[in-house]
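Quick look at run.tsv (TSV, C-alpha atoms (C1' of nucleotides)):
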chain	number	residue	atom	x	y	z
A	1	MET	CA	0.00	0.00	0.00
A	2	GLU	CA	1.29	3.43	-0.97
A	3	GLY	CA	0.15	5.17	2.21
A	4	ILE	CA	-2.73	5.06	4.58
A	5	ILE	CA	-6.22	6.22	3.85
A	6	VAL	CA	-7.70	8.50	6.45
A	7	PRO	CA	-11.44	8.72	7.00
A	8	ASN	CA	-11.99	11.72	4.74
A	9	GLY	CA	-10.58	9.74	1.83
A	10	ALA	CA	-7.25	11.50	1.49
A	11	VAL	CA	-4.17	9.34	1.03
A	12	LEU	CA	-1.15	10.18	3.16
A	13	LYS	CA	2.41	9.77	1.94
A	14	PRO	CA	4.32	6.75	3.38
A	15	ARG	CA	6.75	8.70	5.54
A	16	LEU	CA	4.01	10.82	6.98
A	17	SER	CA	1.81	7.79	7.50
A	18	LYS	CA	4.49	6.18	9.66
A	19	VAL	CA	4.43	9.19	11.90
A	20	ILE	CA	0.63	9.28	11.91
A	21	LEU	CA	0.41	5.55	12.63
A	22	SER	CA	2.75	5.74	15.57
A	23	LEU	CA	0.91	8.79	16.78
A	24	SER	CA	-2.43	6.99	16.53
A	25	PHE	CA	-1.16	4.01	18.48
A	26	PHE	CA	-0.04	6.41	21.13
A	27	ALA	CA	-3.39	8.17	20.94
A	28	MET	CA	-5.30	4.90	21.24
A	29	SER	CA	-3.37	3.97	24.34
A	30	VAL	CA	-4.23	7.23	26.03
A	31	ALA	CA	-7.70	7.30	24.56
A	32	LYS	CA	-8.85	4.43	26.71
A	33	ASN	CA	-9.87	6.77	29.46
A	34	ASP	CA	-10.62	9.68	27.17
A	35	THR	CA	-14.37	10.13	27.49
A	36	PRO	CA	-14.83	12.57	24.58
A	37	SER	CA	-13.09	10.10	22.33
A	38	LEU	CA	-15.35	7.29	23.50
A	39	ILE	CA	-18.41	9.50	23.00
A	40	ARG	CA	-17.30	10.32	19.46
A	41	GLU	CA	-16.87	6.65	18.67
A	42	ALA	CA	-20.25	5.70	20.15
A	43	MET	CA	-22.00	8.54	18.33
A	44	LEU	CA	-20.52	7.68	14.93
A	45	ASN	CA	-21.47	4.07	15.42
A	46	TRP	CA	-25.01	5.10	16.32
A	47	TYR	CA	-25.20	7.57	13.44
A	48	ASP	CA	-24.24	4.91	10.91
A	49	ARG	CA	-27.33	2.98	11.92
A	50	HIS	CA	-29.82	5.73	12.84
A	51	ALA	CA	-29.04	8.84	10.78
A	52	ARG	CA	-32.22	10.53	9.64
A	53	VAL	CA	-32.89	10.68	5.92
A	54	LEU	CA	-33.46	14.33	5.08
A	55	PRO	CA	-33.98	16.01	1.68
A	56	TRP	CA	-30.89	18.19	2.07
A	57	ARG	CA	-28.64	15.57	3.61
A	58	ALA	CA	-26.12	13.66	1.51
A	59	ARG	CA	-26.55	9.90	1.71
A	60	PRO	CA	-23.62	7.77	2.85
A	61	PHE	CA	-20.65	8.04	0.44
A	62	GLU	CA	-22.43	10.87	-1.37
A	63	LYS	CA	-20.74	14.25	-1.61
A	64	PRO	CA	-22.76	16.99	0.09
A	65	ASP	CA	-23.83	19.98	-2.01
A	66	PRO	CA	-22.72	23.16	-0.19
A	67	TYR	CA	-25.63	25.06	-1.75
A	68	HIS	CA	-28.09	22.57	-0.28
A	69	VAL	CA	-26.33	22.59	3.07
A	70	TRP	CA	-26.37	26.39	3.25
A	71	LEU	CA	-29.97	26.70	2.08
A	72	SER	CA	-31.22	24.12	4.56
A	73	GLU	CA	-29.22	25.55	7.45
A	74	VAL	CA	-30.64	29.03	6.92
A	75	MET	CA	-34.16	27.64	6.64
A	76	LEU	CA	-33.66	25.56	9.77
A	77	GLN	CA	-32.62	28.51	11.94
A	78	GLN	CA	-35.15	28.47	14.79
A	79	THR	CA	-37.43	26.35	12.67
A	80	THR	CA	-38.50	22.70	12.73
A	81	VAL	CA	-37.42	20.06	10.22
A	82	GLY	CA	-41.06	19.35	9.39
A	83	ALA	CA	-41.77	22.95	8.48
A	84	VAL	CA	-38.67	23.27	6.31
A	85	LYS	CA	-38.99	20.20	4.07
A	86	SER	CA	-41.54	21.50	1.57
A	87	TYR	CA	-39.85	24.91	1.39
A	88	PHE	CA	-36.47	23.35	0.71
A	89	GLU	CA	-37.90	21.18	-2.09
A	90	LYS	CA	-39.64	24.20	-3.60
A	91	PHE	CA	-36.52	26.36	-3.49
A	92	VAL	CA	-34.18	23.83	-5.09
A	93	THR	CA	-36.79	23.13	-7.76
A	94	LEU	CA	-37.22	26.82	-8.55
A	95	TRP	CA	-33.52	27.59	-8.14
A	96	PRO	CA	-31.27	24.52	-8.62
A	97	SER	CA	-28.05	26.47	-8.09
A	98	VAL	CA	-26.90	29.47	-6.10
A	99	HIS	CA	-26.61	31.34	-9.42
A	100	ASP	CA	-30.30	30.74	-10.11
A	101	LEU	CA	-31.24	32.02	-6.69
A	102	ALA	CA	-28.98	35.05	-7.11
A	103	ASP	CA	-30.71	35.86	-10.40
A	104	ALA	CA	-34.20	35.69	-8.87
A	105	ALA	CA	-36.12	38.85	-8.03
A	106	GLN	CA	-36.15	39.69	-4.34
A	107	GLU	CA	-39.98	39.83	-4.22
A	108	THR	CA	-40.14	36.33	-5.65
A	109	VAL	CA	-37.82	35.01	-2.95
A	110	MET	CA	-39.89	36.75	-0.26
A	111	LYS	CA	-43.10	35.36	-1.73
A	112	GLU	CA	-41.77	31.80	-1.77
A	113	TRP	CA	-40.52	32.21	1.80
A	114	ALA	CA	-43.93	33.38	3.00
A	115	GLY	CA	-45.16	31.31	5.94
A	116	LEU	CA	-41.71	30.22	7.10
A	117	GLY	CA	-41.20	33.23	9.37
A	118	TYR	CA	-38.21	35.36	10.39
A	119	TYR	CA	-38.28	37.09	7.04
A	120	SER	CA	-34.92	38.82	7.40
A	121	ARG	CA	-33.55	35.35	6.73
A	122	ALA	CA	-35.04	35.46	3.24
A	123	ARG	CA	-33.55	38.87	2.50
A	124	ASN	CA	-30.14	37.78	3.80
A	125	LEU	CA	-30.42	34.50	1.91
A	126	HIS	CA	-30.87	36.39	-1.31
A	127	LYS	CA	-28.06	38.84	-0.51
A	128	CYS	CA	-25.78	35.95	0.36
A	129	ALA	CA	-26.62	34.15	-2.86
A	130	ARG	CA	-25.63	37.24	-4.84
A	131	VAL	CA	-22.32	37.59	-3.00
A	132	VAL	CA	-21.45	33.92	-3.46
A	133	ALA	CA	-22.46	34.02	-7.11
A	134	GLU	CA	-20.57	37.19	-7.95
A	135	LYS	CA	-17.65	37.37	-5.54
A	136	TYR	CA	-16.96	33.63	-5.26
A	137	ASP	CA	-18.16	32.57	-8.69
A	138	GLY	CA	-20.83	30.37	-7.12
A	139	VAL	CA	-18.41	28.44	-4.92
A	140	PHE	CA	-19.15	28.58	-1.20
A	141	PRO	CA	-16.14	29.32	1.01
A	142	SER	CA	-15.19	26.47	3.31
A	143	ASP	CA	-13.56	28.29	6.19
A	144	ILE	CA	-15.56	29.61	9.11
A	145	LYS	CA	-14.15	33.14	9.13
A	146	THR	CA	-15.06	33.78	5.50
A	147	LEU	CA	-18.46	32.15	5.88
A	148	LYS	CA	-19.27	34.37	8.85
A	149	LEU	CA	-18.77	37.48	6.73
A	150	LEU	CA	-21.73	36.46	4.57
A	151	PRO	CA	-25.19	37.85	5.39
A	152	GLY	CA	-27.37	35.56	7.47
A	153	ILE	CA	-24.45	33.33	8.49
A	154	GLY	CA	-23.47	33.54	12.15
A	155	ASP	CA	-21.46	31.36	14.54
A	156	TYR	CA	-23.65	28.31	14.26
A	157	THR	CA	-24.36	28.34	10.54
A	158	ALA	CA	-20.73	29.03	9.61
A	159	ALA	CA	-19.59	26.08	11.68
A	160	ALA	CA	-22.39	23.89	10.35
A	161	ILE	CA	-21.54	24.61	6.71
A	162	ALA	CA	-17.80	24.10	7.29
A	163	SER	CA	-18.54	20.83	9.02
A	164	ILE	CA	-21.41	19.37	7.01
A	165	ALA	CA	-20.52	20.62	3.53
A	166	PHE	CA	-16.74	20.38	3.78
A	167	ASP	CA	-16.11	17.92	6.61
A	168	ARG	CA	-14.05	20.48	8.47
A	169	PRO	CA	-13.50	19.88	12.21
A	170	ALA	CA	-15.66	22.80	13.36
A	171	ILE	CA	-17.21	23.28	16.78
A	172	VAL	CA	-20.90	23.13	15.93
A	173	ILE	CA	-23.27	24.30	18.66
A	174	ASP	CA	-26.99	24.58	18.06
A	175	GLY	CA	-29.93	24.25	20.43
A	176	ASN	CA	-29.81	20.46	20.24
A	177	ILE	CA	-26.14	20.29	21.11
A	178	GLU	CA	-26.58	22.81	23.92
A	179	ARG	CA	-29.19	20.52	25.40
A	180	VAL	CA	-27.09	17.37	24.96
A	181	ILE	CA	-24.06	19.00	26.57
A	182	SER	CA	-26.10	20.52	29.39
A	183	ARG	CA	-27.27	17.00	30.26
A	184	LEU	CA	-23.96	15.21	29.72
A	185	TYR	CA	-22.29	17.52	32.24
A	186	ILE	CA	-25.33	18.62	34.32
A	187	ILE	CA	-24.71	22.31	33.82
A	188	ASP	CA	-26.59	24.17	36.54
A	189	THR	CA	-26.14	27.63	35.06
A	190	PRO	CA	-29.23	28.67	33.09
A	191	LEU	CA	-29.16	29.56	29.41
A	192	PRO	CA	-28.11	31.88	27.92
A	193	ASP	CA	-25.55	32.54	30.70
A	194	SER	CA	-24.21	29.01	30.25
A	195	LYS	CA	-23.26	29.47	26.61
A	196	ARG	CA	-19.60	30.05	27.42
A	197	ILE	CA	-19.48	26.99	29.65
A	198	ILE	CA	-21.19	24.89	27.01
A	199	ARG	CA	-18.73	26.02	24.35
A	200	ASN	CA	-15.87	25.01	26.60
A	201	TYR	CA	-17.28	21.50	26.98
A	202	ALA	CA	-18.05	21.39	23.27
A	203	GLU	CA	-14.43	22.06	22.42
A	204	HIS	CA	-13.38	19.01	24.41
A	205	LEU	CA	-16.18	17.00	22.87
A	206	PHE	CA	-15.36	17.92	19.28
A	207	VAL	CA	-11.57	18.22	19.42
A	208	GLY	CA	-9.19	15.51	20.49
A	209	GLU	CA	-7.93	12.01	19.70
A	210	ASN	CA	-9.86	9.84	17.25
A	211	GLN	CA	-11.45	12.93	15.79
A	212	ASN	CA	-12.87	11.18	12.77
A	213	ARG	CA	-15.64	12.23	10.36
A	214	PRO	CA	-16.37	15.62	11.94
A	215	SER	CA	-19.37	16.15	9.66
A	216	CYS	CA	-21.03	12.92	10.76
A	217	PHE	CA	-20.22	13.57	14.41
A	218	ALA	CA	-21.80	17.03	14.38
A	219	GLN	CA	-24.90	15.73	12.63
A	220	SER	CA	-25.08	12.75	14.95
A	221	LEU	CA	-25.35	15.07	17.95
A	222	MET	CA	-28.11	17.02	16.28
A	223	ASP	CA	-29.97	13.85	15.35
A	224	LEU	CA	-29.56	12.62	18.91
A	225	GLY	CA	-31.02	15.86	20.22
A	226	ALA	CA	-33.92	15.67	17.79
A	227	THR	CA	-34.86	12.03	18.31
A	228	ILE	CA	-33.47	10.79	21.66
A	229	CYS	CA	-32.21	13.63	23.82
A	230	THR	CA	-35.42	15.58	23.26
A	231	PRO	CA	-36.51	18.57	25.39
A	232	ARG	CA	-39.32	16.58	27.01
A	233	SER	CA	-39.34	12.87	27.77
A	234	PRO	CA	-35.84	12.05	26.54
A	235	LYS	CA	-35.43	8.39	25.58
A	236	CYS	CA	-32.41	7.82	27.79
A	237	MET	CA	-32.87	4.05	27.81
A	238	ILE	CA	-31.88	3.81	24.15
A	239	CYS	CA	-29.32	6.60	24.16
A	240	PRO	CA	-25.94	5.46	22.79
A	241	ILE	CA	-24.03	7.64	25.25
A	242	ASN	CA	-26.14	7.33	28.39
A	243	GLN	CA	-23.22	5.69	30.19
A	244	TYR	CA	-21.32	8.98	29.85
A	245	CYS	CA	-24.27	11.19	30.80
A	246	LYS	CA	-24.31	12.72	34.26
A	247	ALA	CA	-27.94	13.75	33.98
A	248	TYR	CA	-28.87	10.14	33.21
A	249	LYS	CA	-27.66	9.29	36.70
A	250	THR	CA	-30.02	11.87	38.21
A	251	ALA	CA	-33.74	11.53	38.86
A	252	ASP	CA	-34.86	13.67	35.97
A	253	PRO	CA	-32.58	14.46	33.00
A	254	SER	CA	-35.38	16.42	31.32
A	255	ILE	CA	-34.92	19.38	33.67
A	256	TYR	CA	-31.76	20.30	31.74
A	257	PRO	CA	-30.92	22.72	30.30
A	258	PHE	CA	-31.97	25.32	32.85
A	259	LYS	CA	-33.29	28.48	31.25
A	260	LYS	CA	-33.90	31.98	32.41
A	261	PRO	CA	-37.62	32.69	32.82
A	262	LYS	CA	-39.26	34.49	29.94
A	263	LYS	CA	-41.07	37.76	30.17
A	264	LYS	CA	-44.77	38.01	29.53
A	265	ILE	CA	-45.66	39.28	26.09
A	266	PRO	CA	-47.90	42.34	25.64
A	267	GLU	CA	-51.19	42.40	23.74
A	268	LYS	CA	-51.33	44.73	20.77
A	269	HIS	CA	-54.22	45.84	18.59
A	270	ALA	CA	-54.66	47.35	15.15
A	271	ILE	CA	-57.23	47.91	12.44
A	272	ALA	CA	-56.57	46.32	9.07
A	273	ILE	CA	-57.93	48.27	6.13
A	274	ILE	CA	-59.52	45.98	3.55
A	275	TYR	CA	-59.87	47.92	0.31
A	276	ILE	CA	-62.36	46.24	-2.03
A	277	HIS	CA	-62.98	47.49	-5.56
A	278	ASN	CA	-64.07	45.54	-8.65
A	279	ASP	CA	-63.11	42.17	-7.15
A	280	LYS	CA	-59.68	43.52	-6.29
A	281	ILE	CA	-58.13	43.80	-2.84
A	282	GLY	CA	-55.74	46.45	-1.58
A	283	ILE	CA	-52.32	45.39	-0.29
A	284	GLU	CA	-49.02	47.06	0.47
A	285	THR	CA	-45.39	46.03	0.66
A	286	ARG	CA	-44.18	46.48	4.21
A	287	PRO	CA	-40.94	48.33	4.99
A	288	GLU	CA	-37.83	46.16	5.19
A	289	LYS	CA	-37.22	46.87	8.85
A	290	GLY	CA	-39.61	45.76	11.54
A	291	MET	CA	-42.23	43.05	11.72
A	292	LEU	CA	-42.87	41.05	8.55
A	293	GLY	CA	-40.34	43.29	6.83
A	294	GLY	CA	-40.43	43.22	3.06
A	295	MET	CA	-43.60	41.13	2.99
A	296	ILE	CA	-46.94	42.12	1.52
A	297	GLY	CA	-50.00	42.62	3.70
A	298	PHE	CA	-53.11	44.63	4.31
A	299	PRO	CA	-52.48	48.23	5.31
A	300	THR	CA	-53.00	48.60	9.07
A	301	THR	CA	-53.07	51.28	11.69
A	302	GLU	CA	-50.13	51.32	14.08
A	303	TRP	CA	-49.87	48.22	16.27
A	304	VAL	CA	-50.48	49.57	19.78
A	305	GLU	CA	-50.93	48.21	23.28
A	306	VAL	CA	-54.17	50.10	23.89
A	307	ASP	CA	-57.61	49.18	22.58
A	308	VAL	CA	-58.38	50.62	19.18
A	309	PRO	CA	-61.53	52.75	18.73
A	310	LEU	CA	-64.11	50.71	16.85
A	311	THR	CA	-67.07	52.35	15.14
A	312	GLY	CA	-70.69	51.20	14.78
A	313	GLU	CA	-70.43	48.98	11.70
A	314	TYR	CA	-67.78	46.78	13.25
A	315	LYS	CA	-68.68	43.16	14.00
A	316	GLU	CA	-67.42	41.94	17.35
A	317	SER	CA	-66.72	38.44	16.04
A	318	LEU	CA	-64.66	39.60	13.08
A	319	LYS	CA	-61.11	39.63	14.35
A	320	ILE	CA	-58.03	37.45	14.48
A	321	ARG	CA	-55.39	37.13	17.15
A	322	HIS	CA	-51.89	36.14	16.19
A	323	VAL	CA	-49.05	35.44	18.60
A	324	PHE	CA	-45.57	36.52	17.65
A	325	THR	CA	-42.38	35.89	19.61
A	326	HIS	CA	-42.56	38.97	21.79
A	327	PHE	CA	-46.15	40.20	21.51
A	328	ALA	CA	-49.63	39.15	20.43
A	329	LEU	CA	-51.63	41.13	17.89
A	330	THR	CA	-55.38	41.29	17.40
A	331	LEU	CA	-56.39	42.59	14.00
A	332	TYR	CA	-59.83	44.10	13.31
A	333	PRO	CA	-60.77	44.32	9.62
A	334	LEU	CA	-62.35	47.55	8.37
A	335	PHE	CA	-63.89	47.28	4.90
A	336	LEU	CA	-63.65	50.19	2.49
A	337	SER	CA	-65.22	50.27	-0.99
A	338	ASP	CA	-62.30	52.18	-2.34
A	339	GLU	CA	-58.98	51.81	-4.13
A	340	THR	CA	-55.39	52.13	-2.97
A	341	ASP	CA	-52.02	52.08	-4.72
A	342	MET	CA	-51.61	48.32	-4.98
A	343	MET	CA	-54.69	46.30	-5.86
A	344	ILE	CA	-54.57	42.58	-6.70
A	345	GLY	CA	-57.30	40.22	-7.83
A	346	LYS	CA	-59.33	38.47	-5.14
A	347	ASP	CA	-58.39	35.14	-6.72
A	348	GLU	CA	-54.70	35.91	-6.47
A	349	MET	CA	-54.74	36.48	-2.71
A	350	ASP	CA	-54.18	32.84	-1.80
A	351	THR	CA	-50.98	32.60	-3.83
A	352	ALA	CA	-49.72	36.13	-3.39
A	353	GLY	CA	-47.33	35.19	-0.57
A	354	LEU	CA	-49.07	36.67	2.45
A	355	PRO	CA	-47.35	36.05	5.79
A	356	THR	CA	-49.42	33.99	8.19
A	357	LEU	CA	-50.86	36.92	10.12
A	358	PHE	CA	-52.55	38.32	7.01
A	359	LYS	CA	-53.29	34.89	5.57
A	360	LYS	CA	-55.31	34.13	8.69
A	361	LEU	CA	-57.22	37.38	8.34
A	362	TRP	CA	-57.84	36.81	4.65
A	363	ASN	CA	-59.10	33.26	5.25
A	364	MET	CA	-61.58	34.61	7.75
A	365	ILE	CA	-62.97	37.42	5.64
A	366	LYS	CA	-62.80	36.09	2.07
A	367	SER	CA	-66.05	34.15	2.33
A	368	GLU	CA	-67.85	37.35	3.28
A	369	ILE	CA	-66.62	39.35	0.32
B	1	DC	C1'	-26.08	42.73	24.81
B	2	DA	C1'	-30.72	42.19	25.53
B	3	DG	C1'	-34.32	42.89	22.48
B	4	DC	C1'	-36.11	42.11	18.03
B	5	DC	C1'	-37.61	38.94	14.62
B	6	DG	C1'	-42.53	33.99	12.88
B	7	DT	C1'	-44.53	29.90	12.84
B	8	DG	C1'	-46.82	25.53	13.87
B	9	DG	C1'	-46.65	21.38	16.57
B	10	DA	C1'	-46.55	18.97	21.02
B	11	DC	C1'	-48.41	18.51	25.44
C	1	DT	C1'	-55.80	28.28	26.32
C	2	DG	C1'	-51.36	28.40	27.73
C	3	DT	C1'	-46.63	27.21	27.42
C	4	DC	C1'	-42.60	25.74	25.35
C	5	DC	C1'	-39.73	25.61	21.74
C	6	DA	C1'	-36.96	24.18	16.71
C	7	DA	C1'	-30.38	23.27	12.90
C	8	DG	C1'	-30.01	31.68	15.29
C	9	DG	C1'	-28.65	36.23	13.33
C	10	DC	C1'	-28.56	41.04	13.69
C	11	DT	C1'	-28.30	45.30	16.20

Could you write out this file's structure as structure tokens?
Amino acid sequence: MEGIIVPNGAVLKPRLSKVILSLSFFAMSVAKNDTPSLIREAMLNWYDRHARVLPWRARPFEKPDPYHVWLSEVMLQQTTVGAVKSYFEKFVTLWPSVHDLADAAQETVMKEWAGLGYYSRARNLHKCARVVAEKYDGVFPSDIKTLKLLPGIGDYTAAAIASIAFDRPAIVIDGNIERVISRLYIIDTPLPDSKRIIRNYAEHLFVGENQNRPSCFAQSLMDLGATICTPRSPKCMICPINQYCKAYKTADPSIYPFKKPKKKIPEKHAIAIIYIHNDKIGIETRPEKGMLGGMIGFPTTEWVEVDVPLTGEYKESLKIRHVFTHFALTLYPLFLSDETDMMIGKDEMDTAGLPTLFKKLWNMIKSEI
DNA sequence: CAGCCGTGGAC
DNA sequence: TGTCCAAGGCT
């Protein structure tokens, strides 16, 4: 044999392989009591048998597509796998490459993103696509520092892309991994104060002897968090690393991670103006900053924490309440037989790309129009 | 750096 | 109905 083949497929030169081999024997002898190394081994073994099949995930021995990895990671930010699947399929069908996405009109991207939430992600996604297409000729950078300069890519996503798309040994920390680590080491500091502590543990977990297949290891931790080490009712009995888990030895692992209590959210109110004229409905494009930025919607009065004045014609039952992350909004429709700047056909409303708040309102009132 | 920024599913 | 929360980033 001309050299040795390391797990990422590269072939090392003979002289170097001698050094590596002797180093690995040394590593294996000290790795016996090296818990992170044992966890890595157990996780990779588990992952080879239980990895989830996901639309954006490369199958075993398949080369990941950095465009798919990036697109899915941005969509998955603070969002569930179930919600993302159909959007991911739609996006790669509409735009098979980052060049195609870069060439799309911004409004089209916003429209297709409608319903997925956190709409600044869509704007940054489009910006990022244009930078990658133009500055990097469509080739995603593979190092974390360069990735982090791109819009919409922060600590987590940069590490995830470096790891998953390029098999770089990055420290990947998402909500799943925070939970897994909080339980492994029974961290009693609440989030988000514990983030520094968690990162410190993560570095020991990710970096060290027998650090093979970093991409698979990172994904294995996320799969574990999603299917076994779940927020509620974790399935510790079938966890591949329960023997290394300090929380498993306690009465109730599910109490980790501790979190700072959340504040109560205020109730806001506003009137939505429903312009109706010749079977057309009035809409507006919202400003880029603020709630539902860049999305279309019905014009509304300011969203305020006091009750809005409602006049005689108003029906008490005709309203919708929608809960956002940091406040709830009740919208009261006010119908005007008049025109405004942007009017679209009544039949086009369902496919126009309304965010959920306005979609809910439209679904309630459309039968009455 | 704490607040802002969506949504739908689980319990 | 309420509560939590899911592969966070930006300011």

Pick out the residues sitting within 9 Å of A:Val109, and hand them over as a ChimeraX atom specification; count all atoms listed in the file, and ignore anything fewer than 2 positions along from it in its own chain.
/A:91,101,104-107,111-114,122-123,125-126

Interface residues on chain A facing chain B, 8 Å, all atoms listed in the file, written as a PyMOL selection string:
chain A and resi 79+83+115-120+290-291+324-325+356

Could you please tell me, as a count of residues only, which residues of chain A have an atom within 6 Å of chain C when using only C-alpha atoms (C1' of nucleotides)?
6

Counting all atoms listed in the file, the option among A:Arg57, A:Lys148, A:Arg321, A:Lys246 closest to A:Ile271:
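Among A:Arg57, A:Lys148, A:Arg321, A:Lys246, it is A:Arg321 that comes nearest to A:Ile271.
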
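Put simply, atom CA of A:Tyr136 is 14.8 Å away from atom CA of A:Asp103.
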
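The space between atom CA of A:Tyr185 and atom CA of A:Pro261 spans 21.6 Å.
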
Figure out the distance between atom CA of A:Pro333 and atom CA of A:Gly353, please, to one decimal in Å.
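Atom CA of A:Gly353 sits 19.2 Å away from atom CA of A:Pro333.
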